[in-house]
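The structure file coords-v6.pdb is reproduced below (PDB, C-alpha atoms and all ligand atoms).
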ATOM      1  CA  MET A   1      41.554 208.224  60.977
ATOM      2  CA  LEU A   2      41.641 204.696  59.622
ATOM      3  CA  ARG A   3      41.984 201.587  61.697
ATOM      4  CA  GLY A   4      45.121 199.537  61.231
ATOM      5  CA  LYS A   5      43.612 196.358  59.909
ATOM      6  CA  PHE A   6      41.349 198.127  57.491
ATOM      7  CA  LYS A   7      44.272 200.146  56.195
ATOM      8  CA  GLN A   8      46.167 196.907  55.538
ATOM      9  CA  ASP A   9      43.235 195.443  53.662
ATOM     10  CA  ILE A  10      43.170 198.372  51.302
ATOM     11  CA  VAL A  11      46.866 198.196  50.696
ATOM     12  CA  ARG A  12      46.514 194.544  49.802
ATOM     13  CA  LYS A  13      43.498 195.112  47.570
ATOM     14  CA  ARG A  14      44.907 197.975  45.585
ATOM     15  CA  GLU A  15      48.069 197.834  43.567
ATOM     16  CA  ARG A  16      48.187 201.569  43.582
ATOM     17  CA  ILE A  17      49.990 202.927  46.554
ATOM     18  CA  LEU A  18      48.362 205.901  48.101
ATOM     19  CA  LEU A  19      49.888 208.591  50.178
ATOM     20  CA  GLY A  20      48.744 209.382  53.654
ATOM     21  CA  ASP A  21      45.355 208.254  54.784
ATOM     22  CA  TYR A  22      43.080 206.308  52.520
ATOM     23  CA  ALA A  23      39.949 208.342  52.864
ATOM     24  CA  VAL A  24      39.857 211.586  50.915
ATOM     25  CA  VAL A  25      37.428 214.472  50.682
ATOM     26  CA  GLY A  26      34.386 213.262  48.774
ATOM     27  CA  ASP A  27      34.560 209.655  49.898
ATOM     28  CA  ILE A  28      31.431 207.954  51.106
ATOM     29  CA  VAL A  29      32.350 206.172  54.309
ATOM     30  CA  ASP A  30      31.034 204.264  57.288
ATOM     31  CA  ILE A  31      31.900 205.757  60.631
ATOM     32  CA  GLU A  32      31.992 204.209  64.077
ATOM     33  CA  GLN A  33      31.869 206.499  67.048
ATOM     34  CA  LYS A  34      34.659 205.624  69.474
ATOM     35  CA  GLN A  35      34.765 207.085  72.956
ATOM     36  CA  ASP A  36      35.916 210.505  71.942
ATOM     37  CA  TYR A  37      36.509 210.366  68.215
ATOM     38  CA  PRO A  38      34.916 208.854  65.123
ATOM     39  CA  VAL A  39      36.733 206.184  63.154
ATOM     40  CA  ILE A  40      36.239 205.439  59.464
ATOM     41  CA  THR A  41      35.624 201.730  59.088
ATOM     42  CA  LYS A  42      34.805 201.546  55.398
ATOM     43  CA  VAL A  43      35.366 203.598  52.253
ATOM     44  CA  TYR A  44      32.874 202.825  49.499
ATOM     45  CA  PRO A  45      34.127 202.432  45.926
ATOM     46  CA  ARG A  46      34.911 205.768  44.290
ATOM     47  CA  LYS A  47      32.877 206.821  41.275
ATOM     48  CA  ASN A  48      35.825 208.917  40.151
ATOM     49  CA  PHE A  49      38.751 210.738  41.658
ATOM     50  CA  ILE A  50      41.359 213.389  40.956
ATOM     51  CA  SER A  51      44.971 212.610  41.637
ATOM     52  CA  ARG A  52      48.429 213.801  40.812
ATOM     53  CA  LYS A  53      51.970 212.735  41.408
ATOM     54  CA  ALA A  54      52.909 213.599  44.939
ATOM     55  CA  PRO A  55      55.096 216.673  44.889
ATOM     56  CA  ARG A  56      58.835 216.347  45.143
ATOM     57  CA  MET A  57      59.776 216.686  48.739
ATOM     58  CA  LYS A  58      63.119 217.658  50.091
ATOM     59  CA  GLY A  59      64.557 215.663  52.929
ATOM     60  CA  ALA A  60      64.490 212.185  54.282
ATOM     61  CA  GLY A  61      61.115 210.954  53.048
ATOM     62  CA  TYR A  62      61.858 211.411  49.359
ATOM     63  CA  ARG A  63      63.323 208.399  47.622
ATOM     64  CA  GLY A  64      63.042 209.505  44.044
ATOM     65  CA  ASP A  65      59.763 207.797  43.191
ATOM     66  CA  ARG A  66      56.619 209.814  43.210
ATOM     67  CA  LEU A  67      53.498 208.115  44.418
ATOM     68  CA  GLU A  68      49.936 208.844  43.507
ATOM     69  CA  GLN A  69      48.209 211.364  45.688
ATOM     70  CA  ILE A  70      44.434 211.303  45.500
ATOM     71  CA  LEU A  71      42.935 214.655  46.410
ATOM     72  CA  VAL A  72      39.192 214.216  46.073
ATOM     73  CA  SER A  73      36.640 211.702  44.901
ATOM     74  CA  ASN A  74      33.059 211.516  43.705
ATOM     75  CA  ILE A  75      32.968 214.954  42.116
ATOM     76  CA  SER A  76      30.794 216.024  39.195
ATOM     77  CA  PHE A  77      32.640 219.119  38.037
ATOM     78  CA  PHE A  78      36.230 220.273  37.827
ATOM     79  CA  VAL A  79      36.887 224.009  37.785
ATOM     80  CA  VAL A  80      40.444 224.853  36.788
ATOM     81  CA  VAL A  81      41.135 228.362  38.009
ATOM     82  CA  THR A  82      43.799 230.518  36.365
ATOM     83  CA  SER A  83      44.499 234.235  36.445
ATOM     84  CA  VAL A  84      45.478 236.736  33.810
ATOM     85  CA  TYR A  85      48.136 238.283  35.952
ATOM     86  CA  LYS A  86      49.531 237.748  39.483
ATOM     87  CA  PRO A  87      50.324 234.980  38.739
ATOM     88  CA  PHE A  88      50.644 235.313  34.961
ATOM     89  CA  PHE A  89      48.452 233.094  32.826
ATOM     90  CA  ASN A  90      50.461 229.977  31.951
ATOM     91  CA  ASN A  91      48.949 227.806  29.236
ATOM     92  CA  LYS A  92      51.332 224.904  29.868
ATOM     93  CA  VAL A  93      50.228 224.688  33.473
ATOM     94  CA  LEU A  94      46.579 224.977  32.436
ATOM     95  CA  ASP A  95      47.017 222.103  29.978
ATOM     96  CA  ARG A  96      48.386 219.916  32.746
ATOM     97  CA  PHE A  97      45.261 220.498  34.814
ATOM     98  CA  LEU A  98      43.061 219.837  31.791
ATOM     99  CA  ILE A  99      44.832 216.538  31.165
ATOM    100  CA  ILE A 100      44.048 215.494  34.724
ATOM    101  CA  GLY A 101      40.384 216.353  34.147
ATOM    102  CA  GLU A 102      40.241 214.461  30.852
ATOM    103  CA  SER A 103      42.038 211.385  32.142
ATOM    104  CA  SER A 104      39.662 211.298  35.114
ATOM    105  CA  LYS A 105      36.673 211.702  32.759
ATOM    106  CA  ILE A 106      35.280 214.584  34.784
ATOM    107  CA  PRO A 107      33.564 217.533  33.049
ATOM    108  CA  THR A 108      36.044 220.381  33.227
ATOM    109  CA  ILE A 109      35.768 224.124  32.727
ATOM    110  CA  ILE A 110      38.311 226.926  32.783
ATOM    111  CA  VAL A 111      37.981 230.069  34.851
ATOM    112  CA  ILE A 112      40.292 232.955  34.028
ATOM    113  CA  ASN A 113      40.234 235.319  36.985
ATOM    114  CA  LYS A 114      41.555 238.835  37.671
ATOM    115  CA  THR A 115      40.371 240.335  34.382
ATOM    116  CA  ASP A 116      40.476 243.697  36.170
ATOM    117  CA  LEU A 117      44.267 243.462  35.899
ATOM    118  CA  ASP A 118      44.055 243.166  32.102
ATOM    119  CA  PRO A 119      42.600 246.451  30.838
ATOM    120  CA  ASP A 120      43.887 245.832  27.308
ATOM    121  CA  ASN A 121      42.292 242.392  27.153
ATOM    122  CA  LEU A 122      45.560 240.689  26.312
ATOM    123  CA  ILE A 123      44.044 237.387  27.409
ATOM    124  CA  GLU A 124      41.609 237.378  24.483
ATOM    125  CA  GLU A 125      43.666 235.111  22.234
ATOM    126  CA  TRP A 126      43.894 232.455  24.898
ATOM    127  CA  VAL A 127      40.177 232.653  25.586
ATOM    128  CA  TYR A 128      39.564 232.162  21.888
ATOM    129  CA  LEU A 129      41.962 229.229  21.687
ATOM    130  CA  TYR A 130      40.443 227.311  24.585
ATOM    131  CA  ARG A 131      36.886 227.937  23.448
ATOM    132  CA  GLU A 132      37.813 226.747  19.963
ATOM    133  CA  THR A 133      39.395 223.698  21.549
ATOM    134  CA  GLY A 134      36.055 222.877  23.129
ATOM    135  CA  TYR A 135      36.254 224.141  26.693
ATOM    136  CA  LYS A 136      33.853 226.425  28.439
ATOM    137  CA  VAL A 137      35.834 229.456  29.591
ATOM    138  CA  ILE A 138      34.418 231.860  32.177
ATOM    139  CA  LEU A 139      36.141 235.201  32.645
ATOM    140  CA  THR A 140      35.885 236.495  36.188
ATOM    141  CA  SER A 141      37.012 239.266  38.457
ATOM    142  CA  ALA A 142      36.376 239.126  42.169
ATOM    143  CA  GLU A 143      37.254 242.816  42.087
ATOM    144  CA  THR A 144      34.618 244.026  39.592
ATOM    145  CA  GLY A 145      32.179 241.123  39.934
ATOM    146  CA  GLU A 146      32.531 240.096  36.295
ATOM    147  CA  GLY A 147      31.462 236.492  35.720
ATOM    148  CA  ILE A 148      30.572 235.761  39.339
ATOM    149  CA  GLU A 149      26.903 235.188  38.611
ATOM    150  CA  GLU A 150      27.704 233.026  35.589
ATOM    151  CA  LEU A 151      30.081 230.935  37.678
ATOM    152  CA  GLY A 152      27.451 230.563  40.403
ATOM    153  CA  GLU A 153      24.955 229.281  37.827
ATOM    154  CA  GLU A 154      27.436 226.670  36.595
ATOM    155  CA  LEU A 155      27.961 225.327  40.102
ATOM    156  CA  LYS A 156      24.303 224.779  40.954
ATOM    157  CA  GLY A 157      23.421 221.212  41.838
ATOM    158  CA  LYS A 158      26.961 219.952  41.327
ATOM    159  CA  THR A 159      29.898 218.919  43.449
ATOM    160  CA  SER A 160      32.657 221.146  42.136
ATOM    161  CA  PHE A 161      36.339 220.843  42.710
ATOM    162  CA  PHE A 162      38.299 224.102  42.477
ATOM    163  CA  TRP A 163      41.971 223.713  41.682
ATOM    164  CA  GLY A 164      44.793 225.749  40.210
ATOM    165  CA  GLN A 165      48.006 227.509  41.041
ATOM    166  CA  SER A 166      48.386 229.251  44.361
ATOM    167  CA  GLY A 167      47.186 232.849  44.348
ATOM    168  CA  VAL A 168      44.937 232.736  41.275
ATOM    169  CA  GLY A 169      41.959 233.500  43.522
ATOM    170  CA  LYS A 170      40.116 230.218  44.107
ATOM    171  CA  SER A 171      39.074 231.043  47.659
ATOM    172  CA  THR A 172      38.303 234.673  46.812
ATOM    173  CA  LEU A 173      36.056 233.600  43.932
ATOM    174  CA  LEU A 174      34.191 231.137  46.125
ATOM    175  CA  ASN A 175      33.700 233.863  48.724
ATOM    176  CA  SER A 176      32.304 236.102  45.977
ATOM    177  CA  VAL A 177      29.840 233.493  44.774
ATOM    178  CA  TYR A 178      28.834 232.551  48.332
ATOM    179  CA  PRO A 179      29.382 235.631  50.523
ATOM    180  CA  SER A 180      28.750 233.759  53.772
ATOM    181  CA  LEU A 181      31.663 231.355  53.209
ATOM    182  CA  ASN A 182      34.497 233.419  54.622
ATOM    183  CA  LEU A 183      37.278 231.209  53.285
ATOM    184  CA  THR A 184      40.815 232.297  54.090
ATOM    185  CA  THR A 185      42.478 234.185  51.268
ATOM    186  CA  GLY A 186      46.016 235.429  50.954
ATOM    187  CA  GLU A 187      48.342 237.839  49.328
ATOM    188  CA  ILE A 188      50.505 237.563  46.281
ATOM    189  CA  SER A 189      54.236 237.875  46.778
ATOM    190  CA  GLU A 190      55.378 241.187  45.295
ATOM    191  CA  PHE A 191      58.676 239.545  44.536
ATOM    192  CA  THR A 192      57.639 236.404  42.658
ATOM    193  CA  ASN A 193      54.033 237.224  41.743
ATOM    194  CA  LYS A 194      53.097 233.860  43.185
ATOM    195  CA  GLY A 195      50.569 232.971  45.833
ATOM    196  CA  LYS A 196      51.579 232.063  49.328
ATOM    197  CA  HIS A 197      49.520 228.905  49.817
ATOM    198  CA  SER A 198      46.781 230.510  51.864
ATOM    199  CA  THR A 199      44.438 227.531  51.709
ATOM    200  CA  VAL A 200      46.055 224.689  53.598
ATOM    201  CA  ALA A 201      43.615 221.808  53.337
ATOM    202  CA  VAL A 202      41.106 220.376  50.891
ATOM    203  CA  ARG A 203      37.667 221.244  52.177
ATOM    204  CA  MET A 204      34.172 220.432  50.958
ATOM    205  CA  ILE A 205      31.340 222.783  51.824
ATOM    206  CA  ASN A 206      27.621 222.340  51.351
ATOM    207  CA  THR A 207      26.277 225.607  49.989
ATOM    208  CA  GLY A 208      22.684 224.400  49.922
ATOM    209  CA  GLU A 209      20.350 223.213  47.163
ATOM    210  CA  ASN A 210      22.385 220.080  46.590
ATOM    211  CA  THR A 211      25.423 222.150  45.696
ATOM    212  CA  PHE A 212      28.846 221.364  47.106
ATOM    213  CA  ILE A 213      32.115 223.148  46.516
ATOM    214  CA  ILE A 214      35.605 222.003  47.317
ATOM    215  CA  ASP A 215      38.348 224.548  47.904
ATOM    216  CA  THR A 216      41.864 223.221  47.549
ATOM    217  CA  PRO A 217      45.358 224.450  48.337
ATOM    218  CA  GLY A 218      47.001 225.851  45.212
ATOM    219  CA  VAL A 219      49.978 224.076  43.744
ATOM    220  CA  ARG A 220      53.323 225.184  42.370
ATOM    221  CA  GLU A 221      53.935 222.191  40.175
ATOM    222  CA  ILE A 222      51.487 219.766  38.732
ATOM    223  CA  ASP A 223      52.114 216.354  37.238
ATOM    224  CA  PRO A 224      49.355 213.984  36.238
ATOM    225  CA  TYR A 225      49.793 210.503  37.651
ATOM    226  CA  GLY A 226      49.623 207.356  35.580
ATOM    227  CA  VAL A 227      49.138 208.940  32.148
ATOM    228  CA  LEU A 228      50.662 206.656  29.567
ATOM    229  CA  LYS A 229      52.560 207.880  26.541
ATOM    230  CA  GLU A 230      50.123 206.248  24.143
ATOM    231  CA  ASP A 231      47.100 207.773  25.895
ATOM    232  CA  LEU A 232      48.311 211.340  26.229
ATOM    233  CA  GLY A 233      47.060 212.439  22.799
ATOM    234  CA  HIS A 234      43.528 211.388  23.675
ATOM    235  CA  TYR A 235      43.502 213.827  26.571
ATOM    236  CA  PHE A 236      44.172 216.753  24.217
ATOM    237  CA  ILE A 237      40.555 216.794  23.129
ATOM    238  CA  GLU A 238      41.067 218.431  19.749
ATOM    239  CA  PHE A 239      43.572 215.744  18.728
ATOM    240  CA  GLU A 240      40.845 213.130  18.914
ATOM    241  CA  LEU A 241      39.458 213.993  15.496
ATOM    242  CA  HIS A 242      42.785 213.222  13.863
ATOM    243  CA  ILE A 243      44.341 210.414  15.869
ATOM    244  CA  ASN A 244      42.579 207.631  13.982
ATOM    245  CA  ASN A 245      44.139 208.842  10.764
ATOM    246  CA  CYS A 246      47.704 208.376  11.938
ATOM    247  CA  LYS A 247      49.496 205.643  10.023
ATOM    248  CA  TYR A 248      50.556 203.757  13.140
ATOM    249  CA  ASN A 249      48.110 203.081  15.912
ATOM    250  CA  THR A 250      50.950 203.394  18.389
ATOM    251  CA  CYS A 251      51.746 206.865  17.018
ATOM    252  CA  THR A 252      52.895 209.332  19.684
ATOM    253  CA  HIS A 253      52.502 212.231  17.214
ATOM    254  CA  ASN A 254      56.098 213.164  17.673
ATOM    255  CA  HIS A 255      58.413 211.843  14.984
ATOM    256  CA  GLU A 256      56.398 209.130  13.263
ATOM    257  CA  PRO A 257      55.785 209.312   9.503
ATOM    258  CA  ASP A 258      52.272 210.054   8.242
ATOM    259  CA  CYS A 259      51.089 211.416  11.550
ATOM    260  CA  ALA A 260      47.668 213.031  11.170
ATOM    261  CA  VAL A 261      48.130 215.145  14.285
ATOM    262  CA  ILE A 262      51.314 216.730  12.948
ATOM    263  CA  ALA A 263      49.557 217.277   9.620
ATOM    264  CA  ALA A 264      46.716 219.020  11.462
ATOM    265  CA  VAL A 265      49.202 221.262  13.277
ATOM    266  CA  GLU A 266      50.790 222.160   9.951
ATOM    267  CA  ALA A 267      47.367 222.865   8.451
ATOM    268  CA  GLY A 268      46.499 225.149  11.373
ATOM    269  CA  GLN A 269      43.718 222.886  12.644
ATOM    270  CA  ILE A 270      45.533 222.234  15.904
ATOM    271  CA  SER A 271      47.239 225.171  17.561
ATOM    272  CA  ALA A 272      51.018 225.256  17.789
ATOM    273  CA  GLU A 273      50.747 226.174  21.485
ATOM    274  CA  ARG A 274      48.704 223.126  22.369
ATOM    275  CA  TYR A 275      50.923 220.850  20.297
ATOM    276  CA  ASP A 276      53.999 222.282  21.974
ATOM    277  CA  SER A 277      52.378 221.689  25.340
ATOM    278  CA  TYR A 278      51.673 218.107  24.286
ATOM    279  CA  LEU A 279      55.299 217.518  23.294
ATOM    280  CA  ARG A 280      56.554 218.859  26.602
ATOM    281  CA  MET A 281      54.230 216.603  28.501
ATOM    282  CA  LEU A 282      55.163 213.647  26.358
ATOM    283  CA  GLU A 283      58.743 214.073  27.525
ATOM    284  CA  THR A 284      57.797 213.788  31.170
ATOM    285  CA  VAL A 285      55.541 210.824  30.475
ATOM    286  CA  GLU A 286      58.355 209.098  28.626
ATOM    287  CA  GLU A 287      60.686 209.619  31.540
ATOM    288  CA  ASP A 288      58.250 207.824  33.775
ATOM    289  CA  MET A 289      58.051 204.864  31.453
ATOM    290  CA  ASN A 290      61.827 204.573  31.517
ATOM    291  CA  TYR A 291      61.835 204.873  35.237
ATOM    292  CA  GLN A 292      59.398 202.015  35.675
ATOM    293  CA  ALA A 293      61.294 199.810  33.266
TER
HETATM  294  N1  LIG A 301      42.932 242.200  41.336
HETATM  295  C1  LIG A 301      42.364 241.046  41.700
HETATM  296  N2  LIG A 301      42.841 240.361  42.758
HETATM  297  C2  LIG A 301      42.226 239.203  43.095
HETATM  298  C3  LIG A 301      41.127 238.691  42.378
HETATM  299  N3  LIG A 301      40.756 237.515  42.934
HETATM  300  C4  LIG A 301      41.606 237.303  43.958
HETATM  301  N4  LIG A 301      42.483 238.321  44.055
HETATM  302  C5  LIG A 301      43.573 238.450  45.055
HETATM  303  O1  LIG A 301      44.526 237.426  44.858
HETATM  304  C6  LIG A 301      45.115 237.037  46.100
HETATM  305  C7  LIG A 301      45.057 235.521  46.258
HETATM  306  O2  LIG A 301      43.698 235.115  46.370
HETATM  307  P1  LIG A 301      43.287 233.719  47.027
HETATM  308  O3  LIG A 301      41.828 233.621  46.902
HETATM  309  O4  LIG A 301      43.880 233.555  48.367
HETATM  310  O5  LIG A 301      43.980 232.701  46.025
HETATM  311  P2  LIG A 301      43.915 231.096  46.058
HETATM  312  O6  LIG A 301      43.888 230.640  44.649
HETATM  313  O7  LIG A 301      42.842 230.640  46.960
HETATM  314  O8  LIG A 301      45.358 230.771  46.677
HETATM  315  P3  LIG A 301      45.814 229.460  47.512
HETATM  316  O9  LIG A 301      44.825 229.231  48.608
HETATM  317  O10 LIG A 301      47.175 229.826  48.018
HETATM  318  O11 LIG A 301      45.886 228.343  46.548
HETATM  319  C8  LIG A 301      44.351 237.815  47.180
HETATM  320  O12 LIG A 301      45.129 238.942  47.535
HETATM  321  C9  LIG A 301      43.085 238.235  46.479
HETATM  322  O13 LIG A 301      42.545 239.430  46.993
HETATM  323  C10 LIG A 301      40.637 239.443  41.269
HETATM  324  O14 LIG A 301      39.683 239.090  40.572
HETATM  325  N5  LIG A 301      41.301 240.603  40.979
HETATM  326 MG    MG A 302      42.831 229.482  48.607
HETATM  327 ZN    ZN A 303      50.184 210.686  15.089
END

Written form, structure tokens:
Amino acid sequence: MLRGKFKQDIVRKRERILLGDYAVVGDIVDIEQKQDYPVITKVYPRKNFISRKAPRMKGAGYRGDRLEQILVSNISFFVVVTSVYKPFFNNKVLDRFLIIGESSKIPTIIVINKTDLDPDNLIEEWVYLYRETGYKVILTSAETGEGIEELGEELKGKTSFFWGQSGVGKSTLLNSVYPSLNLTTGEISEFTNKGKHSTVAVRMINTGENTFIIDTPGVREIDPYGVLKEDLGHYFIEFELHINNCKYNTCTHNHEPDCAVIAAVEAGQISAERYDSYLRMLETVEEDMNYQA
């Protein structure tokens, strides 16, 4: 809980409007013990943080604008968890998470879980694409134990933030790596193949040896906050090689003449899927710019 005056100070100091309380999981804080509860009196500057646009909410509180929601701070590793099936692997959603990692400058890896549900290895092409792009991809199955040890090795000595769609198996994977955790896990809806939001709060756990993990409620929709149209291309890491060769330095790699990114797509150096993902995101970023204008 934050004290009133302190809350006001932060609001005045920061242009960015935050949702809810101003301390998030990962913050380094000062605490004062009141009679029966502790009060946070100071939040130290954040080394980094992960945020998104607050989800659209039905009902009275929603006025059409979507504020920034900071989920965690001071992390050293971002683990984007996806699944092959239940829910189906969705590269567009994955790219949105990756953009959040890149724009926050936090080392990011991809976990593709539930490989036991993919006996024909249909996921292989995606694994290839993301590895080619430059990401570490770990294939896991909490069912067969595939990749669990490898994942555990990656997490050692870091503060890792697990995030992804609901039902992909974030909590189950963490329980597999650290059997004493006992995090709540849930079922997948037979009807929609989506998770049922089993994890309800962001939680950081010390697993020993200077290793911390953060389990997070899964999301249905994910929109990066504050990504500008002209920056978006830089967050698609394989575009970086080409961007400087675009004719215009304000190029959005969409319609402009002599665009090196488009040329690279045509030459097969950038994948059509990633470029398509970029264009879709560019649309939503553009909408925001118009909205603010
Ligand atoms: N077949 C299979 N099922 C898995 C695997 N990992 C997790 N599951 C199942 O997927 C369902 C959802 O797992 P959770 O760990 O609750 O998923 P989550 O990502 O934490 O979901 P939220 O907390 O809602 O965001 C559970 O029924 C798990 O048993 C896996 O590797 N293979
Ligand atoms: Mg969970
Ligand atoms: Zn361009």

Exercise answer, 7 Å around ligand LIG 301 (chain A) with only C-alpha atoms and all ligand atoms, as a ChimeraX atom specification: /A:113-117,140-143,164-173,184-188,195-200,216-219

Counting all atoms listed in the file, name the residues that have an atom within 8 Å of an atom of ligand ZN 303 (chain A); the answer should be given as number ranges by chain. A: 242-243, 245-249, 251-254, 256, 258-262

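Using only C-alpha atoms, the shortest contact distance between Glu154 of chain A and any of A:Ile205, A:Val177, A:Ile100, A:Val265 is found at A:Val177.
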
To one decimal place, how far is atom CA of Glu146 of chain A from atom CA of Glu238 of chain A in Å?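 So the answer is 28.6 Å.
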
Taking the file as shown, what set of residues would the PyMOL selection byres (((chain A and resi 127-130) around 10) and not hetatm) give back, as number ranges by chain? A: 91, 95, 109-112, 122-126, 131-139, 270-271, 273-274

Separating atom CA of Val81 of chain A from atom CA of Glu102 of chain A, to the nearest tenth of an Å, is a gap of 15.7 Å

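One finds atom CA of Phe161 of chain A at 5.9 Å from atom CA of Val79 of chain A.
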
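Taking only C-alpha atoms into account, Thr108 of chain A lies nearest to A:Leu155 out of the set A:Asn193, A:Leu155, A:Lys92, A:Ile148.
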
Give as a list in words the residues that the PyMOL selection byres (((chain A and resi 23-36) around 8) and not hetatm) matches when applied to the coordinates above.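 Applied to this file, the PyMOL selection byres (((chain A and resi 23-36) around 8) and not hetatm) selects Leu2, Asp21, Tyr22, Tyr37, Pro38, Val39, Ile40, Thr41, Lys42, Val43, Tyr44, Arg46, Ile70, Leu71, Val72, Ser73, Asn74, Ile75, Val202, Arg203 and Met204 of chain A.
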
Using all atoms listed in the file for the distances, tell me which of A:Asp118, A:Gly101, A:Ile50, A:Phe162 is nearest to ligand MG 302 (chain A).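 Of A:Asp118, A:Gly101, A:Ile50, A:Phe162, the one nearest ligand MG 302 (chain A) is A:Phe162, counting all atoms listed in the file.
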
A:Glu283, A:Asp231, A:Glu149, A:Asp215 ranked by distance to ligand MG 302 (chain A), top pick (using all atoms listed in the file):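 Going through A:Glu283, A:Asp231, A:Glu149, A:Asp215 one by one, the smallest distance to ligand MG 302 (chain A) is for A:Asp215.
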
Considering all atoms listed in the file, state which residue in the set A:Lys47, A:Lys53, A:Lys156, A:Lys86 is at the smallest distance from Ser104 of chain A.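 Of A:Lys47, A:Lys53, A:Lys156, A:Lys86, the one nearest Ser104 of chain A is A:Lys47, counting all atoms listed in the file.
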
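Comparing A:Trp163, A:Tyr235, A:Tyr278, A:Phe89 by their smallest distance to Lys105 of chain A, the closest is A:Tyr235 (using only C-alpha atoms).
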
Test item: the PyMOL selection byres (((chain A and resi 227) around 10) and not hetatm) resolved as a PyMOL selection string: chain A and resi 52+99-100+103+223-226+228-232+235+281-282+284-286+288-289

Kindly write C-alpha atoms of segment 140-183 of chain A from the structure just given to a file, as a PDB file, in the first residue's frame.
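Output below, filename decode34.pdb:
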ATOM      1  CA  THR A 140       9.762 -28.136 -23.641  1.00  0.00           C
ATOM      2  CA  SER A 141       7.164 -30.579 -22.471  1.00  0.00           C
ATOM      3  CA  ALA A 142       6.091 -30.703 -18.860  1.00  0.00           C
ATOM      4  CA  GLU A 143       4.555 -34.039 -19.813  1.00  0.00           C
ATOM      5  CA  THR A 144       7.689 -35.823 -21.090  1.00  0.00           C
ATOM      6  CA  GLY A 145      10.290 -33.656 -19.348  1.00  0.00           C
ATOM      7  CA  GLU A 146      11.834 -32.481 -22.613  1.00  0.00           C
ATOM      8  CA  GLY A 147      13.810 -29.261 -22.180  1.00  0.00           C
ATOM      9  CA  ILE A 148      13.128 -28.876 -18.463  1.00  0.00           C
ATOM     10  CA  GLU A 149      16.762 -29.250 -17.476  1.00  0.00           C
ATOM     11  CA  GLU A 150      17.891 -26.878 -20.223  1.00  0.00           C
ATOM     12  CA  LEU A 151      15.356 -24.299 -19.079  1.00  0.00           C
ATOM     13  CA  GLY A 152      16.504 -24.687 -15.472  1.00  0.00           C
ATOM     14  CA  GLU A 153      20.100 -24.026 -16.539  1.00  0.00           C
ATOM     15  CA  GLU A 154      19.071 -20.833 -18.338  1.00  0.00           C
ATOM     16  CA  LEU A 155      17.346 -19.490 -15.239  1.00  0.00           C
ATOM     17  CA  LYS A 156      20.260 -19.926 -12.847  1.00  0.00           C
ATOM     18  CA  GLY A 157      21.415 -16.730 -11.192  1.00  0.00           C
ATOM     19  CA  LYS A 158      18.848 -14.588 -12.982  1.00  0.00           C
ATOM     20  CA  THR A 159      15.580 -12.887 -12.191  1.00  0.00           C
ATOM     21  CA  SER A 160      13.283 -14.294 -14.844  1.00  0.00           C
ATOM     22  CA  PHE A 161       9.899 -13.067 -15.854  1.00  0.00           C
ATOM     23  CA  PHE A 162       7.587 -15.703 -17.343  1.00  0.00           C
ATOM     24  CA  TRP A 163       4.841 -14.361 -19.562  1.00  0.00           C
ATOM     25  CA  GLY A 164       2.602 -15.563 -22.359  1.00  0.00           C
ATOM     26  CA  GLN A 165      -0.943 -16.456 -23.223  1.00  0.00           C
ATOM     27  CA  SER A 166      -3.138 -18.125 -20.652  1.00  0.00           C
ATOM     28  CA  GLY A 167      -2.880 -21.910 -20.647  1.00  0.00           C
ATOM     29  CA  VAL A 168       0.465 -22.302 -22.424  1.00  0.00           C
ATOM     30  CA  GLY A 169       1.880 -23.864 -19.253  1.00  0.00           C
ATOM     31  CA  LYS A 170       3.939 -21.184 -17.496  1.00  0.00           C
ATOM     32  CA  SER A 171       3.078 -22.340 -13.988  1.00  0.00           C
ATOM     33  CA  THR A 172       3.326 -26.023 -14.915  1.00  0.00           C
ATOM     34  CA  LEU A 173       6.796 -25.493 -16.390  1.00  0.00           C
ATOM     35  CA  LEU A 174       7.978 -23.650 -13.296  1.00  0.00           C
ATOM     36  CA  ASN A 175       6.646 -26.476 -11.137  1.00  0.00           C
ATOM     37  CA  SER A 176       8.590 -28.928 -13.307  1.00  0.00           C
ATOM     38  CA  VAL A 177      11.838 -27.013 -12.978  1.00  0.00           C
ATOM     39  CA  TYR A 178      11.330 -26.453  -9.238  1.00  0.00           C
ATOM     40  CA  PRO A 179       9.201 -29.343  -7.934  1.00  0.00           C
ATOM     41  CA  SER A 180       8.711 -27.779  -4.502  1.00  0.00           C
ATOM     42  CA  LEU A 181       6.964 -24.693  -5.914  1.00  0.00           C
ATOM     43  CA  ASN A 182       3.421 -25.992  -6.138  1.00  0.00           C
ATOM     44  CA  LEU A 183       2.090 -23.107  -8.214  1.00  0.00           C
TER      45      LEU A 183
END
